[in-house]
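Written out below as structure tokens is the structure these notes cover.
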Protein chains: 2
Amino acid sequence: MSATFVPSHSLPTRNRRVLLARRPLGIPEPDDFAFDEAPLPTVDDRQFLVRNIYLSVDPAQRGWACDGTNYAPPVPIGSVMRALAVGMIIESRHDDFPTGSFVYGWLGWQDYAAIGPAQVLTHFTTPCVPLSAYAGVLGINGMTAYLALNDLGRPAPGETVLVSTAAGAVGSLVGQLAHAVGCKTIGLTSDDLKVARCLARHGYDVAINYKSAPIADLLNQRVPDGVDVFFDNVGGPILDAALRCMRTSGRVIQCGTASISSWSPPPSGIRNEREVLMRRLVWSGFVIFDHLQRFEAVIGILAGKINDGSLVYDEDISVGIEYAGVAIRSLYAGENSGKKLIFIG
Amino acid sequence: MSATFVPSHSLPTRNRRVLLARRPLGIPEPDDFAFDEAPLPTVDDRQFLVRNIYLSVDPAQRGWACDGTNYAPPVPIGSVMRALAVGMIIESRHDDFPTGSFVYGWLGWQDYAAIGPAQVLTHFTTPCVPLSAYAGVLGINGMTAYLALNDLGRPAPGETVLVSTAAGAVGSLVGQLAHAVGCKTIGLTSDDLKVARCLARHGYDVAINYKSAPIADLLNQRVPDGVDVFFDNVGGPILDAALRCMRTSGRVIQCGTASISSWSPPPSGIRNEREVLMRRLVWSGFVIFDHLQRFEAVIGILAGKINDGSLVYDEDISVGIEYAGVAIRSLYAGENSGKKLIFIG
């Protein structure tokens, strides 16, 4: 306990928080959340107090909010919604994390968080790109795009890379990274405006509105020579169709399953094990939180590309913590045009 | 054309053949085949005439006989059923393949075949183990067990390896090979007699009759700590249950889909992409015919193990080419106790 530190005369006294009010059924709705105000959290020894600036909105938050099959325990009902954010340290009891430096990490959907090093994904003193980028292209989205594509996809020049949610925070980067390798890049997205963005900004040679015709027909027409690497963020019927377009020894990266609204119970679908066998696929699951120790190196690589102009990123920033209630629903509805952030600074 | 070579005075004049009479619906039945007798085949330049001795019966023959999703074109109706066999060269027009030497390769279900080097998987002069072994433990079954387990399974000492069709021609070897690595080995098989064989002969620490209770319950009870490597030959509900027992970063080897009676159209099942993601699985397809260039080295390894007594193999040999009609059905019914061969020598 450290009453000497918090609150001090220079700090605000209230912390607006977004709580998980009940267990969502599928995609979280506004009524699944509650807003409250609490005293500022206590800063224990070897902790520090962070003023959140950009709250991240991520598809994975649906999984964290729900019960059922996931790689992390669900957020307890009544507690602050688990979220990544970028913020500034405004009070510190840890010498390695001085006041005035920035962190990206497990700060939650709230104004202030008292955390320790274990909750930090990235710590930096001087942003080398705009601060918001640390929650997206230099956060889990960029790390996922780079590491999953290269480690699991292993794209070679001349190969064909297919990406679902191609205009999203990850897909928009995968297209550019694969294109830079010398791959033919095919993006699947949900409307014609995003098709145009994929072609103009995200490195895609071909972009397909998957709602414009049956997906199997679209792939047969637009990708007749097949796919070497499928970077999948959606699962479901798009995955089923893409598996049936894979070339021999193709790599399938399962990075998300956004098209499936609930996994409890798991839905049925067409069986795919024969495709794995016949096409000698390598179908791998990817969770970015296995790779935290590599963030620093990849941030260096991607920041270099941003600063030399070879990697662009789009952001869709809402203002005000009140937006959090609809943010996940909006993300799953595809309403965002770039990495979804909430500015509360 | 080489009428000078065939038939000669020392050769028989008839070739009994098993023809694919019609396209099977699912597992081939006796009426899907027809028997005939034909003149001995003509031996062209750089070919040789082989007297078949052991005809191989393989689960893959179902896929070769059927239309639909496969890695090889289907056997044409009216032609000799595609099959591997071991035989002796009795006439040769190729200097590298002298009369009296042996081959294992694409000889078909018939007494005689005129083939060239492209149809040969293994060529040898002096068998170092009984001749029949070249069609099983030193044929595609042993090569599959060794290469799929090591290349795709990458078992480490102390890990748990689960195998479906554990008493089969491949599974009975996988158990022994994984046990030799220092893995805990779990075998799934279809009756209590095979359970006993798995424990006594095939290197399994645990063997489960998967028909004795719901498969998910059996796995939860008998493999409570989860599976690192799943060597799957069956697909279907056993695969679904096993995926849900995989440990993080587990490897799934899709080597066959024997539990699915037809893939046209593909059946439905529970969706598995969330398991791939959440458990960070690597799920790979394996087809042995991609690895022919490695047979010689692996034959050397496995023959060494056979001769030093560290690898045992079982065979179930029927006599007479007439048996071919029921052979595949019998194999899929699990009636064999070891590698299924037909002796016609």
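Residue numbering restarts at 1 in every chain; chains get A, B, ... in the order shown in the structure tokens, and ligands count up from 1 in that same order.
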
Taking only C-alpha atoms into account and nothing else, which residues of chain A lie no more than 7 Å away from chain B? Please answer as a list in words.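 Residues passing the distance filter: Asn70, Tyr71, Gly235, Gln254, Cys255, Gly256, Thr257, Pro266, Pro267, Ser268, Gly269, Ile270, Arg271, Glu273, Arg274, Val276, Leu277, Met278, Arg279, Arg280, Leu281, Val282, Trp283, Ser284, Gly285, Phe286 and Val287 of chain A.
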
Per DSSP on the backbone, what are the alpha helix (DSSP H) residues of region 77-165 of chain A, as number ranges by chain? A: 140-147

Residues from the last selection, C-alpha atoms, saved as a JSON list (two decimals), in the first residue's frame:
```
[["chain", "number", "residue", "atom", "x", "y", "z"],
["A", 140, "ILE", "CA", 0.00, -6.54, -31.82],
["A", 141, "ASN", "CA", -1.39, -5.91, -35.30],
["A", 142, "GLY", "CA", 1.92, -5.19, -36.95],
["A", 143, "MET", "CA", 3.73, -7.82, -34.91],
["A", 144, "THR", "CA", 1.12, -10.40, -35.96],
["A", 145, "ALA", "CA", 1.31, -9.44, -39.63],
["A", 146, "TYR", "CA", 5.09, -9.66, -39.71],
["A", 147, "LEU", "CA", 5.69, -12.72, -37.54]]
```

Point-to-point distance from CA of Ala327 (chain A) to CA of Ala118 (chain A), Å rounded to tenths: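 We find that CA of Ala327 (chain A) and CA of Ala118 (chain A) lie 26.3 Å from each other.
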
Have a look at A:Trp109, A:Tyr210, A:Phe48, A:Tyr313 and name the one nearest to Phe343 (chain A); count only C-alpha atoms.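 Closest residue, counting only C-alpha atoms: A:Trp109.
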
Write out as a ChimeraX atom specification all residues of region 28-112 of chain A that DSSP puts in strand (DSSP E) for this structure's backbone. /A:33-38,48-56,84-92,102-106,112

Would you list the contacts of Glu159 (chain A) as a PyMOL selection string, taking every protein, DNA or RNA residue within 7 Å and counting only C-alpha atoms, but skipping same-chain residues closer than 6 positions in sequence? chain A and resi 183-184+228

Prev. selection, all heavy atoms, output as a PDB file, in the first residue's frame:
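Writing the result to result20.pdb gives the following:
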```pdb
ATOM      1  N   CYS A 183       5.562 -11.414 -53.729  1.00  0.00           N
ATOM      2  CA  CYS A 183       4.425 -12.322 -53.896  1.00  0.00           C
ATOM      3  C   CYS A 183       3.309 -11.639 -54.673  1.00  0.00           C
ATOM      4  O   CYS A 183       3.189 -10.419 -54.687  1.00  0.00           O
ATOM      5  CB  CYS A 183       3.876 -12.742 -52.534  1.00  0.00           C
ATOM      6  SG  CYS A 183       5.029 -13.753 -51.599  1.00  0.00           S
ATOM      7  N   LYS A 184       2.460 -12.492 -55.280  1.00  0.00           N
ATOM      8  CA  LYS A 184       1.184 -12.024 -55.795  1.00  0.00           C
ATOM      9  C   LYS A 184       0.224 -12.006 -54.620  1.00  0.00           C
ATOM     10  O   LYS A 184       0.063 -13.014 -53.930  1.00  0.00           O
ATOM     11  CB  LYS A 184       0.680 -12.946 -56.893  1.00  0.00           C
ATOM     12  CG  LYS A 184      -0.654 -12.512 -57.474  1.00  0.00           C
ATOM     13  CD  LYS A 184      -1.085 -13.388 -58.649  1.00  0.00           C
ATOM     14  CE  LYS A 184      -2.433 -12.917 -59.193  1.00  0.00           C
ATOM     15  NZ  LYS A 184      -2.887 -13.771 -60.303  1.00  0.00           N
ATOM     16  N   ASP A 228      -0.591 -20.253 -52.353  1.00  0.00           N
ATOM     17  CA  ASP A 228       0.511 -20.869 -51.605  1.00  0.00           C
ATOM     18  C   ASP A 228       0.421 -20.583 -50.114  1.00  0.00           C
ATOM     19  O   ASP A 228       0.784 -21.425 -49.294  1.00  0.00           O
ATOM     20  CB  ASP A 228       1.854 -20.357 -52.145  1.00  0.00           C
ATOM     21  CG  ASP A 228       2.069 -20.745 -53.590  1.00  0.00           C
ATOM     22  OD1 ASP A 228       2.265 -21.939 -53.855  1.00  0.00           O
ATOM     23  OD2 ASP A 228       1.994 -19.855 -54.460  1.00  0.00           O
TER      24      ASP A 228
END
```

Shortest interatomic distance to Ala148 (chain A) - which of A:Pro76, A:Pro117, A:Gly171, A:Pro98, counting only C-alpha atoms: A:Gly171

Contacts of Asn52 (chain B) at 9 Å (only C-alpha atoms; same-chain gap of 3+ positions) as a PyMOL selection string: chain B and resi 55+85-89+107-113+343-345

Could you please take those selected residues and save N, CA and C atoms as a PDB file, in the first residue's frame?
```pdb
ATOM      1  N   LEU B  55       1.376 -59.086 -53.451  1.00  0.00           N
ATOM      2  CA  LEU B  55       0.585 -57.904 -53.785  1.00  0.00           C
ATOM      3  C   LEU B  55       0.258 -57.167 -52.485  1.00  0.00           C
ATOM      4  N   ALA B  85       3.457 -53.777 -55.219  1.00  0.00           N
ATOM      5  CA  ALA B  85       3.738 -55.206 -55.056  1.00  0.00           C
ATOM      6  C   ALA B  85       5.245 -55.386 -55.026  1.00  0.00           C
ATOM      7  N   VAL B  86       5.644 -56.558 -54.555  1.00  0.00           N
ATOM      8  CA  VAL B  86       7.039 -56.978 -54.645  1.00  0.00           C
ATOM      9  C   VAL B  86       7.112 -58.134 -55.628  1.00  0.00           C
ATOM     10  N   GLY B  87       8.092 -58.076 -56.501  1.00  0.00           N
ATOM     11  CA  GLY B  87       8.240 -59.166 -57.457  1.00  0.00           C
ATOM     12  C   GLY B  87       9.675 -59.328 -57.897  1.00  0.00           C
ATOM     13  N   MET B  88       9.882 -60.343 -58.710  1.00  0.00           N
ATOM     14  CA  MET B  88      11.218 -60.624 -59.243  1.00  0.00           C
ATOM     15  C   MET B  88      11.251 -60.327 -60.737  1.00  0.00           C
ATOM     16  N   ILE B  89      12.341 -59.727 -61.159  1.00  0.00           N
ATOM     17  CA  ILE B  89      12.506 -59.455 -62.586  1.00  0.00           C
ATOM     18  C   ILE B  89      12.873 -60.771 -63.283  1.00  0.00           C
ATOM     19  N   LEU B 107       3.241 -52.254 -59.640  1.00  0.00           N
ATOM     20  CA  LEU B 107       3.125 -53.466 -60.438  1.00  0.00           C
ATOM     21  C   LEU B 107       1.677 -53.850 -60.689  1.00  0.00           C
ATOM     22  N   GLY B 108       0.766 -53.355 -59.877  1.00  0.00           N
ATOM     23  CA  GLY B 108      -0.659 -53.633 -60.082  1.00  0.00           C
ATOM     24  C   GLY B 108      -1.058 -54.998 -59.556  1.00  0.00           C
ATOM     25  N   TRP B 109      -2.354 -55.136 -59.401  1.00  0.00           N
ATOM     26  CA  TRP B 109      -2.890 -56.426 -58.952  1.00  0.00           C
ATOM     27  C   TRP B 109      -2.985 -57.359 -60.149  1.00  0.00           C
ATOM     28  N   GLN B 110      -1.866 -58.060 -60.412  1.00  0.00           N
ATOM     29  CA  GLN B 110      -1.798 -58.989 -61.545  1.00  0.00           C
ATOM     30  C   GLN B 110      -0.580 -59.877 -61.346  1.00  0.00           C
ATOM     31  N   ASP B 111      -0.494 -60.918 -62.184  1.00  0.00           N
ATOM     32  CA  ASP B 111       0.639 -61.841 -62.055  1.00  0.00           C
ATOM     33  C   ASP B 111       1.934 -61.228 -62.570  1.00  0.00           C
ATOM     34  N   TYR B 112       1.849 -60.513 -63.667  1.00  0.00           N
ATOM     35  CA  TYR B 112       3.047 -59.996 -64.331  1.00  0.00           C
ATOM     36  C   TYR B 112       2.853 -58.532 -64.692  1.00  0.00           C
ATOM     37  N   ALA B 113       3.933 -57.785 -64.658  1.00  0.00           N
ATOM     38  CA  ALA B 113       3.883 -56.394 -65.099  1.00  0.00           C
ATOM     39  C   ALA B 113       5.154 -56.082 -65.869  1.00  0.00           C
ATOM     40  N   PHE B 343      -0.255 -63.237 -51.294  1.00  0.00           N
ATOM     41  CA  PHE B 343       0.851 -64.005 -51.869  1.00  0.00           C
ATOM     42  C   PHE B 343       0.357 -64.705 -53.128  1.00  0.00           C
ATOM     43  N   ILE B 344       1.025 -64.423 -54.244  1.00  0.00           N
ATOM     44  CA  ILE B 344       0.612 -65.073 -55.494  1.00  0.00           C
ATOM     45  C   ILE B 344       1.799 -65.753 -56.152  1.00  0.00           C
ATOM     46  N   GLY B 345       2.926 -65.818 -55.447  1.00  0.00           N
ATOM     47  CA  GLY B 345       4.168 -66.299 -56.027  1.00  0.00           C
ATOM     48  C   GLY B 345       4.149 -67.771 -56.329  1.00  0.00           C
TER      49      GLY B 345
END
```
